[in-house]
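One structure below.
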Number of protein chains: 2
Amino acid sequence: MEDMEKLIARYADIDRLGQVSGLLMWDQNTYMPPGAVSMRGDQQALISGLSHQMLTSKEMGGLLSRLKKRKDLNEKNEAIIREIDRKYKRATSIPESLVKEISRLEPIATEKWVKARENADFSIFKDILERMFSLKMEMAEYIGYEEKPYDALLDEYEPFMRSSDISSVFGSLRNRLIPIVNKMTDVCKDVDISAVRKGYPIQLQGAYFKMILTRMGYDFNRGRMDVTAHPFTSGGMDDVRITLRYDEKDIRPGLFATIHEGGHALYEQGFLKENYNTPLSEFISLGIHESQSRLWENIVGRSRGFWEHFYPGFKEHFPSMKDVSLDDFHKAGNLVEPSLIRVEADELTYSMHIMVRFEIETDLIEKKMDVIDIPQVWNEKYEKYLGVTPANDSMGCLQDIHWAMGAIGYFPTYTLGNLYSAQFYNTAVKENRGIEDSIQNGDLAPLLSWLRENIHKHGKMYTANQLVKKLTGEPLNEDHFISYLKKKFSSIYDVQL
Amino acid sequence: MEDMEKLIARYADIDRLGQVSGLLMWDQNTYMPPGAVSMRGDQQALISGLSHQMLTSKEMGGLLSRLKKRKDLNEKNEAIIREIDRKYKRATSIPESLVKEISRLEPIATEKWVKARENADFSIFKDILERMFSLKMEMAEYIGYEEKPYDALLDEYEPFMRSSDISSVFGSLRNRLIPIVNKMTDVCKDVDISAVRKGYPIQLQGAYFKMILTRMGYDFNRGRMDVTAHPFTSGGMDDVRITLRYDEKDIRPGLFATIHEGGHALYEQGFLKENYNTPLSEFISLGIHESQSRLWENIVGRSRGFWEHFYPGFKEHFPSMKDVSLDDFHKAGNLVEPSLIRVEADELTYSMHIMVRFEIETDLIEKKMDVIDIPQVWNEKYEKYLGVTPANDSMGCLQDIHWAMGAIGYFPTYTLGNLYSAQFYNTAVKENRGIEDSIQNGDLAPLLSWLRENIHKHGKMYTANQLVKKLTGEPLNEDHFISYLKKKFSSIYDVQL
């Protein structure tokens, strides 16, 4: 076999181990008996160990070093080599002992975090979190970076992005968001939230969500829908599974999680068969992945146009909505209300939750603050950005599992998703003016086609920056997101923003 | 690490790959989206390839050859070495090219079999079945055998057993069964089958079956229950999953499959934690596994004593049973009726279905007959043993998937299961006379304790023959099974047998 073919074959096996590991994770969250936790941990450790061995093998190193010198390869193969080489470098740069130490720390840190959260007592979590940050800082040094150590960690979730880029765009975003949040908080005080809290039998919700997913273009022949405590999308290619949760009283948690996960799933189902098991059937970054989910959830799924088509059927499907007008439903679905909990935040205030976390984790990595100061800094920032103060650490700095799992550099990707989504959507409707009309007529196919053609089908061919520039003609910026928010909220609530 | 520890660690990884492969199989049969078939095939091929590499590695060979020379090891370690060495020898004796050829043939042969069955036309299946038998005969030569090539194939499913042993016990069994079958067929002509066909809502069945499994001692914390077209038990140790199917009209398919699979699952849940991931937490043979399922399904689950306790609750649970007496229910649940389809056969005639298959497959492997003659021989044997003749090959020699999958030497293990179960149960009640009374009082724990202590906890410590001798004081024979059948059916139907 020729080198390129060999590389693709070896990588396909690594990719397949990833698929297997993904299924083990899905099963653990859906159907696995509770007593199997320890067995499952051993299975996962074995699979990830085998995957690491394959990725860091001498053969892989040799193939990559020979292929990187070649000048005769096409653009696709060059992208494949670039991406596998990135993984190879990252995997070979970190000593195995450190990888294992972090892996061992994760479940213990998670356990401490659970306990700390239950007791609303950060001090239970403090020591182990210090250890986690210190190991991650060590890891950053091994990986290397051009500007800041945080970049080495961020790179795992948002490749090729730097914290300075994020700081700059987040800074402008924050300044422009704060007045909108303040105004909207005031305007929304009288919104009747009961319009989305009328009671929705779970069976009916399930049927409705399946219909919505099908209308979005989600292929149930290559996917399925299950129930978990925290919704997520897993798998890829021909096996992309969605999970969601139901709230019998409130339609929002189930409905918007479905559209959100559906957006993730459409991305994964949109890779080309010819690229399966290569980096060209992988997502670019978590930010780009999140752009797909948020585009569907917020820009489409919370839009007036979408519900102009779907609301009559929705009302018919859920008898409890009989007396609720589209206006009231739409307002309640877009209620702005500064709150303490990120996962419950509305579209407008959500980014402020992310800023707090991003600022704290960069300061920690840059040693500008200490872990012990997290609760105080957290609460100050919440007061400053959102005007709310957590009553205790469980409602504050202990609410998210990310840091306990060593996911440092992950948070900003949520907000990057919002920014990318608005920037992409702006281009999509400029290029195809029919997209918005189609949505209003319940036809979501033109939007999906645009996403498929311009984003999904490329896999990891381009970096996030390259793709954004190529598609929108501009680098990533907050303008489109801000314009979108202003236009949307001023129209819903008839207010100047 | 010392050699013994190394062997155990290496084998644990191989075992874990087996667990992963089992979960992939379970998922494929329960929740996997249909479009993922091809991906799943690639994942399974990768996992089994990795497992084969680990098992046949030079390191494994070295460890085994050094350890086999040691005289200082305890009985447990000796059994572990014996069993891993058996696997190693088998895996290294067959050329990889032949393994791959058989693997490639399996899905194609299965496809042809499906088509042949749909069209009730054996000729569609004939050529590829010839190829399968010829490859399996080649395989038998590589594996080696002392008496007959069939033994090499049988050894995969029923280790250490020889076809001559089976022929001898099956011969006596057949001769003693035929008059009982004839008599009972006549006696059962007037049984009112409607007593088990009263209609049973699926929700109610599910709840009832869960209750029965719990009462049997099945641990839902280390298992679960799902629905598939063909019931099966998968997994092991702390993750043993059962599947079953529901028939809304007839309670038997669901009820007896549940108890049957429950018996399999109790065996798997009965290994000792200290032996996990070694051969001492594996079943001895398919025959021994089947002895557990059939003991629970038939000897317990179709017994008068069991239903004397459970029937009042059953009647209350299923309102459709209101007017059905325990007598009528019990008779209908034990109806004897020679039929064409193995999986629908009753306890008494079941073995005759197996004889037909065993005799044909041994004759084929010993070249005493040709594949082309299967339909004719099959039909003649059905007429001779059961007095029925298939209207076509779909009702006859095309009904089972086993041969298409290369499972030659598998069928006799079903009947071995019946023989083992009766022989074990006879000893159990001799050693603990309280077992039968307890069952009659709805307390199934004494029986499970006996099985745990005498069979489950040993894993593969003993061979099937050793265990049978050790427990019952006799070699495997058909006496206890025949006595059990005579006693049971003569009592239910008040007839001399």
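In the structure tokens, the first chain shown is A, the next is B, and so on; residue numbers restart at 1 for each chain, and ligands run from 1 in the order shown.
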Discussion item. Could you work out which residues of chain A fall inside 10 Å of chain B? Count only C-alpha atoms, and format the result as JSON, numbers by chain.
Written reply: {"A": [12, 13, 14, 15, 16, 17, 18, 19, 20, 21, 23, 24, 27, 31, 32, 33, 34, 35, 36, 37, 38, 39, 40, 42, 43, 44, 46, 47, 50, 219, 220, 221, 222, 223, 224, 225, 226, 236, 237, 238, 239, 240, 241, 276, 277]}
Fill in: range 67-72 of chain B surroundings by only C-alpha atoms, 8 Å radius, close-in-sequence under 2 positions cut, as a VMD selection string
chain B and resid 3 to 4 63 to 65 74 81
Worksheet item: Can you list every residue in range 229-364 of chain B that DSSP puts in alpha helix (DSSP H), as a PyMOL selection string?
Response: chain B and resi 252-268+286-294+304-317+326-333+350-364
Item to complete: List the neighbours of Ser291 in chain A out to 9 Å using only C-alpha atoms; skip same-chain residues closer than 6 positions along the sequence, and give me the result as a ChimeraX atom specification.
Response: /A:263-264,414-422,424
Worksheet item: Excluding same-chain residues fewer than 6 positions from Gly199 in chain A, what lies within 8 Å of it counting only C-alpha atoms, as a list in words?
Response: Glu248, Lys249, Asp250, Ile251 and Ser320 of chain A
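Across the structure, CA of Ser164 in chain B and CA of Ile80 in chain B are spaced 27.6 Å apart.
The two atoms in question, CA of Leu280 in chain B and CA of Asn29 in chain A, are spaced 29.6 Å apart.
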Worksheet entry | CA of Thr214 in chain A to CA of His309 in chain A, distance in Å rounded to a single decimal | 15.3 Å
